[in-house]
Each structure stands twice: as C-alpha cells, then as structure tokens.
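Raw contents of data22.txt, compact mmCIF, C-alpha atoms:
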# COMPACT_ATOMS: atom_id res chain seq x y z
CA MET A 6 0.50 -10.86 5.54
CA HIS A 7 2.75 -9.19 3.00
CA GLU A 8 5.88 -10.27 4.88
CA LEU A 9 6.89 -12.51 1.95
CA SER A 10 6.82 -9.56 -0.46
CA ILE A 11 8.84 -7.49 2.00
CA CYS A 12 11.39 -10.29 2.45
CA GLN A 13 11.84 -10.57 -1.28
CA SER A 14 12.31 -6.81 -1.36
CA ILE A 15 15.06 -7.04 1.30
CA LEU A 16 17.06 -9.38 -0.94
CA ASN A 17 16.39 -7.38 -4.13
CA THR A 18 17.21 -4.05 -2.49
CA ILE A 19 20.57 -5.26 -1.14
CA GLU A 20 21.43 -7.01 -4.41
CA ASN A 21 20.93 -3.70 -6.18
CA GLU A 22 22.91 -1.74 -3.63
CA LEU A 23 25.94 -3.92 -2.94
CA ASP A 24 28.55 -5.55 -5.11
CA ILE A 25 27.59 -9.16 -5.79
CA LYS A 26 30.85 -10.37 -4.21
CA GLU A 27 29.91 -8.69 -0.92
CA LEU A 28 26.60 -10.48 -0.50
CA GLU A 29 28.02 -13.68 0.98
CA ASN A 30 29.82 -11.68 3.65
CA ILE A 31 26.67 -10.16 5.08
CA ARG A 32 26.03 -11.25 8.66
CA GLU A 33 23.44 -8.79 9.94
CA ILE A 34 20.66 -6.87 8.21
CA HIS A 35 19.09 -4.24 10.45
CA LEU A 36 15.60 -2.99 9.68
CA LYS A 37 13.57 -0.09 11.01
CA ILE A 38 9.86 -0.79 10.84
CA GLY A 39 7.23 1.71 11.86
CA MET A 40 4.14 0.53 13.69
CA LEU A 41 2.10 1.82 10.74
CA ALA A 42 3.86 -0.47 8.25
CA CYS A 43 1.60 -3.40 9.28
CA ILE A 44 4.50 -5.83 9.56
CA GLU A 45 4.75 -8.49 12.24
CA PRO A 46 8.50 -8.75 13.05
CA GLU A 47 8.50 -12.39 14.17
CA ILE A 48 6.72 -13.52 11.01
CA LEU A 49 9.15 -11.48 8.92
CA LYS A 50 12.11 -13.19 10.64
CA ASN A 51 10.60 -16.63 10.07
CA VAL A 52 9.89 -15.94 6.41
CA PHE A 53 13.45 -14.66 6.04
CA GLN A 54 14.83 -17.98 7.35
CA PHE A 55 13.10 -19.77 4.49
CA ILE A 56 13.78 -17.28 1.76
CA LYS A 57 17.51 -16.89 2.45
CA ALA A 58 18.24 -20.64 2.22
CA ASP A 59 20.52 -21.55 -0.68
CA THR A 60 21.09 -17.89 -1.55
CA ALA A 61 24.09 -15.63 -0.99
CA PHE A 62 22.24 -14.37 2.10
CA GLN A 63 22.23 -17.70 3.93
CA ASN A 64 24.69 -16.51 6.59
CA SER A 65 22.79 -13.36 7.44
CA GLU A 66 20.25 -12.65 10.16
CA LEU A 67 17.54 -10.01 10.46
CA PHE A 68 17.51 -7.51 13.32
CA ILE A 69 14.33 -5.48 13.61
CA GLU A 70 13.73 -2.25 15.45
CA MET A 71 10.07 -1.28 15.72
CA VAL A 72 9.37 2.45 15.67
CA ASP A 73 6.45 4.04 17.51
CA VAL A 74 4.21 6.54 15.79
CA SER A 75 4.98 10.23 16.31
CA ALA A 76 3.40 13.27 14.75
CA GLU A 77 4.08 16.98 14.65
CA CYS A 78 1.40 19.57 15.22
CA LYS A 79 1.58 22.24 12.53
CA ASN A 80 -0.35 24.61 14.75
CA CYS A 81 1.84 24.71 17.88
CA GLY A 82 4.94 22.82 16.73
CA ASN A 83 4.58 20.13 19.40
CA THR A 84 5.93 16.70 18.45
CA PHE A 85 4.14 13.93 20.28
CA LYS A 86 3.84 10.16 20.47
CA VAL A 87 0.56 9.06 18.92
CA GLU A 88 -1.45 6.89 21.31
CA LYS A 89 -4.35 4.73 20.14
CA TYR A 90 -4.07 6.21 16.65
CA ILE A 91 -5.54 9.53 17.69
CA PHE A 92 -3.77 12.01 15.46
CA VAL A 93 -4.79 15.01 17.50
CA CYS A 94 -2.30 17.27 19.27
CA PRO A 95 -2.59 16.70 23.05
CA LEU A 96 -1.49 20.30 23.72
CA CYS A 97 -3.71 22.35 21.45
CA GLY A 98 -6.31 19.83 20.21
CA GLU A 99 -5.63 20.45 16.51
CA PRO A 100 -5.62 17.49 14.06
CA ALA A 101 -2.03 16.59 13.19
CA SER A 102 -1.43 14.75 9.94
CA ASN A 103 2.32 15.33 9.73
CA ILE A 104 3.63 11.90 10.74
CA THR A 105 7.30 12.18 11.69
CA GLU A 106 7.92 8.56 12.68
CA GLY A 107 6.09 5.24 12.44
CA LYS A 108 5.79 4.75 8.68
CA GLU A 109 9.37 3.47 8.22
CA LEU A 110 10.00 0.28 6.28
CA LEU A 111 13.70 0.38 5.57
CA ILE A 112 17.08 -1.24 5.88
CA SER A 113 19.08 0.91 8.29
CA LYS A 114 22.34 -0.99 8.63
CA ILE A 115 24.24 -3.83 6.98
CA ILE A 116 27.05 -5.55 8.85
CA SER A 117 29.44 -7.69 6.83
CA GLU A 118 32.39 -9.81 7.80
CA GLU A 119 35.15 -9.29 5.30
CA PRO A 120 37.63 -12.13 5.15
CA SER A 121 41.13 -10.77 5.24
CA TYR A 122 43.79 -13.42 4.84
CA ALA A 123 46.62 -13.06 7.30
CA GLU A 124 49.63 -15.26 7.76
CA VAL A 125 49.24 -17.14 10.98
CA ASN A 126 51.80 -19.26 12.77
CA GLU A 127 50.41 -22.61 13.84
CA MET B 28 57.91 -27.26 13.57
CA GLN B 29 55.74 -24.23 12.96
CA LYS B 30 53.73 -24.17 9.76
CA LEU B 31 52.73 -20.94 8.04
CA THR B 32 49.19 -21.03 6.70
CA ASN B 33 46.67 -18.55 5.39
CA LYS B 34 43.69 -18.22 7.69
CA ALA B 35 40.67 -16.07 7.16
CA VAL B 36 40.34 -13.46 9.87
CA GLY B 37 37.09 -11.56 9.67
CA THR B 38 36.90 -7.81 9.82
CA LEU B 39 33.51 -6.40 10.54
CA LYS B 40 32.30 -3.74 8.19
CA VAL B 41 29.30 -1.71 9.28
CA GLN B 42 27.39 0.21 6.64
CA ASP B 43 24.76 2.66 7.80
CA VAL B 44 22.19 2.92 5.07
CA SER B 45 18.61 4.05 4.56
CA LEU B 46 17.12 1.80 1.90
CA SER B 47 13.35 1.82 1.60
CA LEU B 48 11.87 -1.63 1.07
CA LEU B 49 9.04 -0.10 -0.93
CA LYS B 50 11.38 1.86 -3.21
CA ALA B 51 10.92 -0.46 -6.20
CA ASN B 52 7.13 -0.39 -5.80
CA ASP B 53 7.04 3.39 -5.34
CA TYR B 54 9.26 3.91 -8.39
CA ILE B 55 6.93 1.89 -10.62
CA ALA B 56 3.88 3.57 -9.06
CA GLU B 57 5.31 6.95 -10.04
CA GLN B 58 5.82 5.72 -13.61
CA ILE B 59 2.18 4.61 -13.73
CA ARG B 60 1.07 7.97 -12.29
CA ASN B 61 3.02 9.87 -14.96
CA ASP B 62 1.77 7.59 -17.71
CA MET B 63 -1.88 8.02 -16.64
CA GLN B 64 -1.37 11.76 -16.22
CA GLU B 65 -0.17 11.99 -19.82
CA ARG B 66 -3.23 10.07 -20.98
CA ASN B 67 -5.43 12.31 -18.86
CA ILE B 68 -6.95 9.39 -16.95
CA LEU B 69 -8.16 9.67 -13.37
CA VAL B 70 -7.07 6.58 -11.40
CA LEU B 71 -8.87 5.37 -8.28
CA ASN B 72 -7.69 2.53 -6.05
CA LEU B 73 -10.61 0.86 -4.24
CA VAL B 74 -9.80 -1.00 -1.05
CA SER B 75 -11.89 -2.65 1.68
CA SER B 76 -12.48 -5.90 3.53
CA PRO B 77 -13.86 -8.72 1.39
CA GLY B 78 -17.59 -8.28 0.91
CA SER B 79 -17.88 -4.55 1.60
CA GLY B 80 -19.33 -3.99 -1.85
CA LYS B 81 -16.48 -2.77 -4.06
CA THR B 82 -17.69 -4.62 -7.16
CA SER B 83 -21.33 -3.70 -6.51
CA LEU B 84 -20.38 -0.05 -6.15
CA LEU B 85 -18.47 -0.25 -9.45
CA GLU B 86 -21.40 -1.92 -11.23
CA GLU B 87 -23.83 0.79 -10.08
CA THR B 88 -21.36 3.61 -10.76
CA ILE B 89 -20.78 2.32 -14.30
CA LYS B 90 -24.55 1.98 -14.94
CA ARG B 91 -25.02 5.64 -14.04
CA LEU B 92 -21.95 7.09 -15.72
CA LYS B 93 -21.26 5.00 -18.82
CA ASP B 94 -23.18 7.36 -21.13
CA LYS B 95 -21.27 10.36 -19.77
CA ILE B 96 -17.70 9.12 -19.45
CA ASN B 97 -15.54 6.16 -20.47
CA ILE B 98 -14.56 3.80 -17.70
CA ALA B 99 -12.07 0.94 -17.52
CA VAL B 100 -11.58 -1.44 -14.60
CA LEU B 101 -8.69 -3.54 -13.31
CA GLU B 102 -9.86 -6.25 -10.94
CA GLY B 103 -7.57 -7.80 -8.35
CA ASP B 104 -8.44 -11.13 -6.74
CA LEU B 105 -6.61 -14.16 -5.41
CA GLU B 106 -8.52 -16.41 -7.77
CA THR B 107 -11.27 -16.41 -10.44
CA GLU B 108 -12.37 -14.08 -13.28
CA ARG B 109 -15.74 -13.47 -11.63
CA ASP B 110 -15.42 -9.79 -10.79
CA ALA B 111 -14.09 -8.85 -14.24
CA GLU B 112 -16.99 -10.78 -15.78
CA ARG B 113 -19.48 -8.85 -13.63
CA ILE B 114 -17.95 -5.55 -14.77
CA ARG B 115 -17.89 -6.60 -18.46
CA GLN B 116 -21.62 -7.26 -18.27
CA GLN B 117 -21.97 -3.50 -17.75
CA GLY B 118 -20.41 -3.02 -21.18
CA VAL B 119 -17.08 -1.63 -20.11
CA GLN B 120 -13.54 -2.90 -20.43
CA ALA B 121 -12.34 -4.98 -17.48
CA LEU B 122 -9.20 -6.98 -16.94
CA GLN B 123 -8.72 -9.47 -14.12
CA ILE B 124 -5.43 -9.68 -12.26
CA VAL B 125 -5.29 -13.05 -10.49
CA THR B 126 -2.68 -12.77 -7.72
CA GLN B 127 -2.72 -16.51 -6.93
CA GLY B 128 -2.58 -16.06 -3.21
CA ILE B 129 -0.90 -12.68 -2.86
CA CYS B 130 -3.03 -10.60 -0.53
CA HIS B 131 -2.63 -7.20 -2.22
CA LEU B 132 -1.90 -5.62 -5.59
CA GLU B 133 1.58 -4.21 -6.24
CA ALA B 134 2.50 -1.49 -8.72
CA GLN B 135 4.36 -3.98 -10.88
CA MET B 136 1.17 -6.06 -11.38
CA ILE B 137 -0.61 -2.91 -12.60
CA GLN B 138 2.25 -1.98 -14.90
CA GLN B 139 2.22 -5.46 -16.43
CA ALA B 140 -1.55 -5.34 -16.96
CA LEU B 141 -1.76 -1.87 -18.54
CA PRO B 142 -0.47 -2.80 -22.04
CA SER B 143 -3.34 -5.33 -22.34
CA MET B 144 -5.90 -2.56 -22.04
CA ASN B 145 -7.08 0.02 -24.55
CA PHE B 146 -6.98 3.49 -23.01
CA ASP B 147 -8.25 5.47 -26.01
CA ASN B 148 -10.70 8.08 -24.66
CA ILE B 149 -10.76 6.51 -21.20
CA ASP B 150 -11.59 9.02 -18.44
CA ILE B 151 -11.44 6.87 -15.31
CA LEU B 152 -9.50 3.73 -14.43
CA PHE B 153 -10.80 1.99 -11.35
CA ILE B 154 -8.43 -0.48 -9.71
CA GLU B 155 -10.32 -2.84 -7.42
CA ASN B 156 -7.77 -4.11 -4.93
CA VAL B 157 -7.79 -7.50 -3.22
CA GLY B 158 -10.27 -7.48 -0.31
CA ASN B 159 -7.98 -6.77 2.65
CA LEU B 160 -7.71 -3.76 4.95
CA VAL B 161 -4.07 -4.38 5.93
CA CYS B 162 -1.52 -5.03 3.19
CA PRO B 163 -2.88 -2.87 0.33
CA ALA B 164 -2.26 0.18 2.56
CA SER B 165 1.50 -0.05 1.97
CA TYR B 166 1.41 -0.32 -1.82
CA ASP B 167 1.04 2.80 -3.93
CA LEU B 168 -0.42 1.76 -7.29
CA GLY B 169 0.04 5.14 -8.95
CA GLU B 170 -3.53 6.17 -8.16
CA ASP B 171 -4.77 9.75 -7.85
CA ILE B 172 -7.34 8.89 -5.22
CA ARG B 173 -7.52 6.05 -2.70
CA VAL B 174 -11.04 5.05 -1.71
CA THR B 175 -11.75 2.82 1.30
CA LEU B 176 -15.16 1.18 1.70
CA VAL B 177 -16.64 0.23 5.06
CA SER B 178 -19.98 -1.56 4.98
CA CYS B 179 -22.27 -0.95 7.92
CA THR B 180 -22.64 -4.71 8.41
CA GLU B 181 -18.96 -5.09 9.29
CA GLY B 182 -18.98 -2.60 12.15
CA ASP B 183 -18.14 1.02 12.87
CA ASP B 184 -14.81 0.23 14.52
CA LYS B 185 -12.81 -0.29 11.32
CA PRO B 186 -10.87 3.03 11.18
CA LYS B 187 -9.24 2.43 14.57
CA LYS B 188 -8.64 -1.27 13.90
CA TYR B 189 -6.93 -0.62 10.57
CA PRO B 190 -5.42 2.85 11.03
CA SER B 191 -2.78 2.53 8.29
CA MET B 192 -5.43 2.09 5.65
CA PHE B 193 -7.47 5.06 6.82
CA LEU B 194 -4.34 7.20 7.15
CA THR B 195 -3.52 6.69 3.49
CA THR B 196 -7.11 7.06 2.28
CA ASP B 197 -8.62 10.11 0.62
CA ILE B 198 -12.23 8.98 0.61
CA MET B 199 -14.17 6.71 2.97
CA ILE B 200 -17.43 5.32 1.63
CA VAL B 201 -19.86 3.79 4.10
CA THR B 202 -21.78 1.24 2.05
CA LYS B 203 -25.00 -0.78 2.50
CA LYS B 204 -26.76 2.28 3.92
CA ASP B 205 -30.12 0.53 3.39
CA LEU B 206 -29.18 -1.97 6.13
CA LEU B 207 -28.53 0.70 8.79
CA PRO B 208 -31.90 0.14 10.54
CA TYR B 209 -31.01 -3.53 11.12
CA VAL B 210 -27.44 -3.35 12.44
CA PRO B 211 -25.77 -1.70 15.42
CA PHE B 212 -23.66 0.65 13.31
CA SER B 213 -23.18 4.28 14.24
CA VAL B 214 -22.40 6.56 11.29
CA ASP B 215 -21.34 9.28 13.76
CA ALA B 216 -18.91 6.88 15.49
CA VAL B 217 -17.27 5.73 12.26
CA ILE B 218 -16.87 9.33 11.08
CA LYS B 219 -15.43 10.41 14.45
CA ASP B 220 -12.88 7.57 14.43
CA ALA B 221 -11.95 8.11 10.79
CA LYS B 222 -11.42 11.83 11.38
CA GLU B 223 -9.28 11.14 14.46
CA VAL B 224 -6.99 8.98 12.35
CA ASN B 225 -7.10 11.19 9.24
CA ASN B 226 -8.64 14.62 9.48
CA LYS B 227 -8.45 15.14 5.71
CA ILE B 228 -10.64 12.16 4.82
CA ASP B 229 -13.85 12.88 2.87
CA ILE B 230 -16.88 10.72 3.54
CA PHE B 231 -19.77 9.35 1.48
CA LEU B 232 -22.72 7.31 2.74
CA LEU B 233 -24.59 5.26 0.15
CA SER B 234 -26.37 2.10 -0.86
CA SER B 235 -25.33 0.62 -4.22
CA TYR B 236 -28.29 -1.75 -4.01
CA LYS B 237 -31.04 0.82 -3.36
CA GLY B 238 -29.29 3.75 -5.04
CA ASP B 239 -29.42 6.06 -2.06
CA GLY B 240 -26.42 8.42 -2.07
CA MET B 241 -25.23 7.25 -5.50
CA ASP B 242 -25.96 10.58 -7.22
CA GLU B 243 -23.75 12.48 -4.82
CA TRP B 244 -20.89 10.00 -5.36
CA CYS B 245 -21.28 9.98 -9.16
CA ASN B 246 -21.43 13.79 -9.34
CA TRP B 247 -18.31 13.99 -7.23
CA LEU B 248 -16.56 11.60 -9.66
CA LEU B 249 -17.67 13.66 -12.67
CA ASN B 250 -16.29 16.79 -11.02
CA ARG B 251 -12.93 15.07 -10.42
CA VAL B 252 -12.80 14.04 -14.09
CA SER B 253 -13.49 17.63 -15.24
CA GLU B 254 -10.90 18.94 -12.77
CA LYS B 255 -8.33 16.58 -14.20
CA LYS B 256 -9.13 17.68 -17.75
CA ASN B 257 -8.92 21.35 -16.76
CA GLN B 258 -5.56 20.74 -15.09
CA LEU B 259 -4.24 19.24 -18.30
CA ALA B 260 -5.73 22.04 -20.44
CA ASN B 261 -4.12 24.65 -18.18
CA ALA B 262 -0.80 22.85 -18.27
CA GLU B 263 -0.85 22.87 -22.08
CA VAL B 264 -1.61 26.62 -22.37
Would you write the structure of this file as structure tokens?
Amino acid sequence: MHELSICQSILNTIENELDIKELENIREIHLKIGMLACIEPEILKNVFQFIKADTAFQNSELFIEMVDVSAECKNCGNTFKVEKYIFVCPLCGEPASNITEGKELLISKIISEEPSYAEVNE
Amino acid sequence: MQKLTNKAVGTLKVQDVSLSLLKANDYIAEQIRNDMQERNILVLNLVSSPGSGKTSLLEETIKRLKDKINIAVLEGDLETERDAERIRQQGVQALQIVTQGICHLEAQMIQQALPSMNFDNIDILFIENVGNLVCPASYDLGEDIRVTLVSCTEGDDKPKKYPSMFLTTDIMIVTKKDLLPYVPFSVDAVIKDAKEVNNKIDIFLLSSYKGDGMDEWCNWLLNRVSEKKNQLANAEV
C-alpha cells in the first residue's frame, strides 16, 4: 500500500520536469508499471483522484500499462517471460537474474492540451 | 452580424518521457550510501513481516557483538518508541523513526534521522524497516546489504508470495529455528523457492531465542565489517 507515496511522486516528478505554466494543461499521464513494482493500478488511480483535487493536475487522468516480467539468460541468451516467479531459463535450466522487464515504475508519456487562441467567426 | 471573438482551440502535445517515480528516493539513497561509505559504516536494511523477529535478532546480535564492534540502530515503526527502547537496553545507540501510518521507510526519512545520531567509531548501522514484505522492497535506503527474515511460524511459502522482496534481498534468515519441530515448515522448500526467485540469495537458519545458529550469523557480520574496512584501506593506498 505505498500507492499514496507513488502518487505524490508522480506530482513531484512532473513538477520538476515541466514548466509550472504547463502543468494545468496536462490531460493524460501515462505510466508503465512492472508486475514486480507491487502497485495495484486501480488503487493508484483512485488515490490519484483524491490527490490531484485543487492542484494544477486536476484536469489530468492516469493511464496505466502493466508490464509482465521478462528475464534474459546469460548462459544461452534466451529472453523469456517469467511465469510464477521462477527465474530459471526454460531452455537451458540456468538461473537467470538479469530482469529485462517487470521492474518499471515510470512515467512514459505526458499529453497536454495547449490552448492556442484563434480568431473565430461566430 | 458576425462577431469576432478569441476562442481557445486546444492543440494536443504528446511528450514521450521516461521518468522514474523512485528517482528522488534513489538519489537520496545514493547520497546516504556515499556518506556511510566515507564513514566506513556497513549498513544493513532488515525487512520482514511483522513478528518475524527482527528486533529479537538485533537484541541477540548486539549482545554477542557489542564488545567487538560498535553498533547503531535506526528503528522504523508506524507508532511507538518500543523497539528503540528495547535496543537501548542493550547499551547501544538507537533512534526511532515513527512513520505515523506509512507502511515502509523511505530514503528521505533515513537522511533526516542521520544527523541526530553520533557515528563516531560506528562499524554497523542496522535499519529495522517497518514490518511489511511488500512496500519496503521498492525503497532503496542506501544500504549495503538487504536482509529478509522469514520465521518458520509464518510458513515456507513466503518467497513465492512476495517475490519482489526476495528478488531484492541479499540474505534470507529463517528465524525461530527452535520451533521447527512444532510447525509444518520445510526448510528445504523455503530454500528451493527463494533460490528460484533469486539464485544469488544467501541463507541463514537460526533461533535468536535459543541461540542456535547465532554464531554463524555474527561471524559472517564480523567478516563483512572487516571486508569493508579492508576495502577502504585499499582505496586509500
């Protein structure tokens, strides 16, 4: 249950990365979360609804892509999807500790809507 | 008559980024690691479910090692000073971090606590994390070694149930060895599962209460302390 800490980190990370004037324009925040990050996406989304209220992020929504666990065997070079947390190469039986995917906990994309004022005939 | 007005027309701007949500924590953890390295202090982060025996293991470890090396302890709990008080009764420095509901320690909490401690001549800093096998896995505290305890009363299925913790762990200690005759816990099964998740994990089996296996653990710690000192001596040459 560290979704609250992660939510706070989403806001802090973007505040550090983007110009403060851009924050209100953010509409979508896309996350990549590995299955090993121990994050429940629905809880994260719910927490985000509360934490964004009355902040510059109030018009933004979270989009979460969960990433399965993959590992690479250093012995035979095989990259495989890890099932049931058995980090053993299915081809050669060697233990594989080189995790290539599944540990992610990152913001992958930010979509903003920039208001551009155009003259419109009404 | 037509009226000319200014109307906001949105343009979508897509920014592909790769921003780690643990970057701030990892940055501070690295600062702590460098700081402790300079002071030549070995840092261990102890994690487990509540009640696996982290504090008991620390009490017994301190009893056996306090005449040989200098130990300091940071205690993490949601509430109360109780664990720090237990450690202080062993005659060593202990500081309690009360997280007030937060289920894990973060590097920033450690960094804030460090100035309140005296690290003169300290050889080992133990950080006892909040009892929880899930969230502490994600937070690097700047430790050299992560130790996960599994007591035989809680079952031998922990490594597969909480793989992230065992993946990031250097040492697994099976505690409450004296209770093995009374519980359906297979040491072979827990080792097999732990090794399937993390082949590099080292394993100890001990009883803090009866003392069985404590010598092996304490000798291992003393060796790590000497290794750390040798590393520093070599780096200075």
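Neighbours of B:Gln116 closer than or equal to 12 Å, with all atoms listed in the file counted and sequence neighbours fewer than 6 positions away skipped, come out as Leu85, Glu86, Glu87, Ile89, Lys90, Arg109 and Asp110 of chain B.
With only C-alpha atoms taken into account, the protein and nucleic acid residues at most 12 Å from A:Asp73 (excluding it and anything under 3 positions from it in its own chain) are Lys37, Ile38, Gly39, Met40, Leu41, Ala42, Glu70, Ala76, Phe85, Lys86, Val87, Glu88, Lys89, Tyr90, Ile104, Thr105, Glu106, Gly107, Lys108 and Glu109 of chain A.
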May I ask which of the residues B:Gln135, B:Ser83, B:Asn97, B:Thr107 is the closest one to B:Tyr54, counting all atoms listed in the file? B:Gln135
Residues of chain B within 12 Å of chain A, using all atoms listed in the file, as a VMD selection string? chain B and resid 28 to 52 128 to 133 159 to 166 186 to 195 219 to 228
Pick out the residues sitting within 12 Å of B:Glu263, and hand them over as an MDAnalysis selection string; count only C-alpha atoms, and ignore anything fewer than 5 positions along from it in its own chain. chainID B and resid 65 67 256:258
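The nearest approach to B:Leu122 among the residues B:Gly78, B:Gly182, B:Pro211, B:Gly103, with only C-alpha atoms taken into account, belongs to B:Gly103.
Between atom CA of B:Ile172 and atom CA of B:Asp229 the separation is 11.1 Å.
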Counting all atoms listed in the file, note down every residue that has an atom within 12 Å of the point (23.2, -18.4, 1.6) (file coordinates), as a PyMOL selection string. chain A and resi 16+28-32+53-66
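One finds atom CA of B:Asn61 at 21.5 Å from atom CA of B:Ile124.
If you count only C-alpha atoms and ignore residues fewer than 6 places along the chain from B:Phe146, what sits within 10 Å of it is Met63, Arg66, Asn67, Ile68, Asn97, Ile98, Ala99, Gln120 and Leu152 of chain B.
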Straight-line distance linking atom CA of B:Leu168 with atom CA of B:Ser75, stated in Å to one decimal: 15.2 Å
